[in-house]
Amino acid sequence: MPIKKIIPSVKLKMVTVHKLQDLSCQRYYYWRWIRNIEPRKMNINFWYGSVFHAGFQTLLMQNLNKAMAAMQRESKDRLKLKAPDNDMLRECSLQLRLIKTIMRAASRQPFMK
């Protein structure tokens with residue numbers, strides 16, 4: 001579906017640290033904050049951070065089984081927002097296995113008790 005009209009952003013009412021970090025690429029800043037257009041491709045770094053955070057926070061507050069479920073939910077929600085290709089899905093699957101291994105190892109540490 002082609003874009004018929006570009007709606008200017010209302011996000012640019014104030015300048016935050018994140019907006020200033022986008023200034024490293026002026027083109028990205030323009031399209032994201034001025035024209036209110038974001039890329040369709042999912043950023044694996046943001047996916048990883050959100051899934052890891054959801055799992056570790058749940059691990060700290062509850063237990064390992066609930067942390068695993070929280071990570072699955074967060075991953076599913078993040079993947080639903082964008083249209084990842086098969087390579088991205090395989091990478092996410094691999095990264096999720098690594099995060100689960102990290103969570104299992106962290107749950108056995110003395111500071112978790």
# chains A, B, ... in the order shown; residues from 1 in each chain; ligands from 1
$ residues_around --residues "region 91-96 of chain A" --least-positions-apart "5" --cutoff "12 Å" --atoms "only C-alpha atoms" --output "list of chain:residue names"
A:Met42, A:Asn43, A:Ile44, A:Asn45, A:Phe46, A:Trp47, A:Tyr48, A:Gly49, A:Ser50, A:Val51, A:Phe52, A:Gly55, A:Met68, A:Ala69, A:Ala70, A:Met71, A:Gln72, A:Arg73, A:Glu74, A:Ser75, A:Lys76, A:Arg78, A:Leu79, A:Pro84, A:Asp85, A:Asn86, A:Thr101, A:Ile102, A:Met103
$ atom_distance --atom1 "CA of Leu64 (chain A)" --atom2 "CA of Lys100 (chain A)"
9.4 Å
$ closest_residue --among "A:Ala106, A:Ala83, A:Lys5, A:Ile99" --to "Ile37 (chain A)" --atoms "only C-alpha atoms"
A:Lys5
$ atom_distance --atom1 "CA of Phe111 (chain A)" --atom2 "CA of Leu98 (chain A)"
20.9 Å
$ atom_distance --atom1 "CA of His53 (chain A)" --atom2 "CA of Lys41 (chain A)"
21.2 Å
$ decode --residues "region 62-89 of chain A" --atoms "N, CA and C atoms" --output "PDB file, in the first residue's frame"
ATOM      1  N   GLN A  62      10.230 -13.087  40.199  1.00  0.00           N
ATOM      2  CA  GLN A  62       9.460 -14.316  40.383  1.00  0.00           C
ATOM      3  C   GLN A  62      10.364 -15.541  40.314  1.00  0.00           C
ATOM      4  N   ASN A  63      10.308 -16.281  39.213  1.00  0.00           N
ATOM      5  CA  ASN A  63      11.148 -17.481  39.103  1.00  0.00           C
ATOM      6  C   ASN A  63      11.544 -17.739  37.650  1.00  0.00           C
ATOM      7  N   LEU A  64      12.340 -18.765  37.431  1.00  0.00           N
ATOM      8  CA  LEU A  64      12.891 -19.053  36.108  1.00  0.00           C
ATOM      9  C   LEU A  64      11.810 -19.444  35.099  1.00  0.00           C
ATOM     10  N   ASN A  65      10.843 -20.256  35.498  1.00  0.00           N
ATOM     11  CA  ASN A  65       9.787 -20.680  34.566  1.00  0.00           C
ATOM     12  C   ASN A  65       8.974 -19.488  34.070  1.00  0.00           C
ATOM     13  N   LYS A  66       8.639 -18.576  34.960  1.00  0.00           N
ATOM     14  CA  LYS A  66       7.880 -17.389  34.550  1.00  0.00           C
ATOM     15  C   LYS A  66       8.734 -16.461  33.697  1.00  0.00           C
ATOM     16  N   ALA A  67      10.042 -16.446  33.959  1.00  0.00           N
ATOM     17  CA  ALA A  67      10.954 -15.630  33.148  1.00  0.00           C
ATOM     18  C   ALA A  67      10.995 -16.153  31.715  1.00  0.00           C
ATOM     19  N   MET A  68      11.035 -17.469  31.559  1.00  0.00           N
ATOM     20  CA  MET A  68      11.042 -18.067  30.217  1.00  0.00           C
ATOM     21  C   MET A  68       9.754 -17.719  29.465  1.00  0.00           C
ATOM     22  N   ALA A  69       8.643 -17.781  30.164  1.00  0.00           N
ATOM     23  CA  ALA A  69       7.358 -17.440  29.537  1.00  0.00           C
ATOM     24  C   ALA A  69       7.308 -15.963  29.171  1.00  0.00           C
ATOM     25  N   ALA A  70       7.839 -15.113  30.024  1.00  0.00           N
ATOM     26  CA  ALA A  70       7.851 -13.668  29.758  1.00  0.00           C
ATOM     27  C   ALA A  70       8.704 -13.355  28.525  1.00  0.00           C
ATOM     28  N   MET A  71       9.814 -14.062  28.388  1.00  0.00           N
ATOM     29  CA  MET A  71      10.671 -13.846  27.217  1.00  0.00           C
ATOM     30  C   MET A  71       9.967 -14.283  25.935  1.00  0.00           C
ATOM     31  N   GLN A  72       9.265 -15.406  25.990  1.00  0.00           N
ATOM     32  CA  GLN A  72       8.519 -15.880  24.815  1.00  0.00           C
ATOM     33  C   GLN A  72       7.458 -14.868  24.400  1.00  0.00           C
ATOM     34  N   ARG A  73       6.727 -14.339  25.401  1.00  0.00           N
ATOM     35  CA  ARG A  73       5.686 -13.342  25.108  1.00  0.00           C
ATOM     36  C   ARG A  73       6.281 -12.082  24.490  1.00  0.00           C
ATOM     37  N   GLU A  74       7.353 -11.587  25.084  1.00  0.00           N
ATOM     38  CA  GLU A  74       7.986 -10.365  24.575  1.00  0.00           C
ATOM     39  C   GLU A  74       8.505 -10.569  23.160  1.00  0.00           C
ATOM     40  N   SER A  75       9.114 -11.716  22.907  1.00  0.00           N
ATOM     41  CA  SER A  75       9.608 -12.012  21.565  1.00  0.00           C
ATOM     42  C   SER A  75       8.461 -12.044  20.553  1.00  0.00           C
ATOM     43  N   LYS A  76       7.401 -12.717  20.920  1.00  0.00           N
ATOM     44  CA  LYS A  76       6.234 -12.822  20.035  1.00  0.00           C
ATOM     45  C   LYS A  76       5.643 -11.444  19.749  1.00  0.00           C
ATOM     46  N   ASP A  77       5.528 -10.609  20.789  1.00  0.00           N
ATOM     47  CA  ASP A  77       4.976  -9.267  20.613  1.00  0.00           C
ATOM     48  C   ASP A  77       5.863  -8.413  19.714  1.00  0.00           C
ATOM     49  N   ARG A  78       7.175  -8.494  19.907  1.00  0.00           N
ATOM     50  CA  ARG A  78       8.118  -7.708  19.094  1.00  0.00           C
ATOM     51  C   ARG A  78       8.107  -8.163  17.641  1.00  0.00           C
ATOM     52  N   LEU A  79       8.054  -9.468  17.426  1.00  0.00           N
ATOM     53  CA  LEU A  79       8.058  -9.982  16.056  1.00  0.00           C
ATOM     54  C   LEU A  79       6.755  -9.671  15.335  1.00  0.00           C
ATOM     55  N   LYS A  80       5.677  -9.509  16.091  1.00  0.00           N
ATOM     56  CA  LYS A  80       4.394  -9.192  15.489  1.00  0.00           C
ATOM     57  C   LYS A  80       4.369  -7.766  14.930  1.00  0.00           C
ATOM     58  N   LEU A  81       5.148  -6.861  15.541  1.00  0.00           N
ATOM     59  CA  LEU A  81       5.149  -5.463  15.122  1.00  0.00           C
ATOM     60  C   LEU A  81       5.792  -5.251  13.759  1.00  0.00           C
ATOM     61  N   LYS A  82       6.794  -6.042  13.439  1.00  0.00           N
ATOM     62  CA  LYS A  82       7.508  -5.899  12.168  1.00  0.00           C
ATOM     63  C   LYS A  82       7.327  -7.168  11.355  1.00  0.00           C
ATOM     64  N   ALA A  83       7.732  -7.118  10.114  1.00  0.00           N
ATOM     65  CA  ALA A  83       7.613  -8.290   9.242  1.00  0.00           C
ATOM     66  C   ALA A  83       9.008  -8.875   9.004  1.00  0.00           C
ATOM     67  N   PRO A  84       9.490  -9.724   9.927  1.00  0.00           N
ATOM     68  CA  PRO A  84      10.840 -10.273   9.762  1.00  0.00           C
ATOM     69  C   PRO A  84      10.892 -11.338   8.673  1.00  0.00           C
ATOM     70  N   ASP A  85      12.027 -11.404   7.986  1.00  0.00           N
ATOM     71  CA  ASP A  85      12.203 -12.445   6.982  1.00  0.00           C
ATOM     72  C   ASP A  85      12.709 -13.722   7.661  1.00  0.00           C
ATOM     73  N   ASN A  86      12.902 -14.776   6.876  1.00  0.00           N
ATOM     74  CA  ASN A  86      13.310 -16.072   7.437  1.00  0.00           C
ATOM     75  C   ASN A  86      14.668 -16.012   8.123  1.00  0.00           C
ATOM     76  N   ASP A  87      15.605 -15.261   7.542  1.00  0.00           N
ATOM     77  CA  ASP A  87      16.923 -15.127   8.170  1.00  0.00           C
ATOM     78  C   ASP A  87      16.820 -14.467   9.535  1.00  0.00           C
ATOM     79  N   MET A  88      15.985 -13.448   9.626  1.00  0.00           N
ATOM     80  CA  MET A  88      15.808 -12.742  10.897  1.00  0.00           C
ATOM     81  C   MET A  88      15.142 -13.659  11.926  1.00  0.00           C
ATOM     82  N   LEU A  89      14.176 -14.454  11.504  1.00  0.00           N
ATOM     83  CA  LEU A  89      13.522 -15.390  12.419  1.00  0.00           C
ATOM     84  C   LEU A  89      14.502 -16.443  12.943  1.00  0.00           C
TER      85      LEU A  89
END
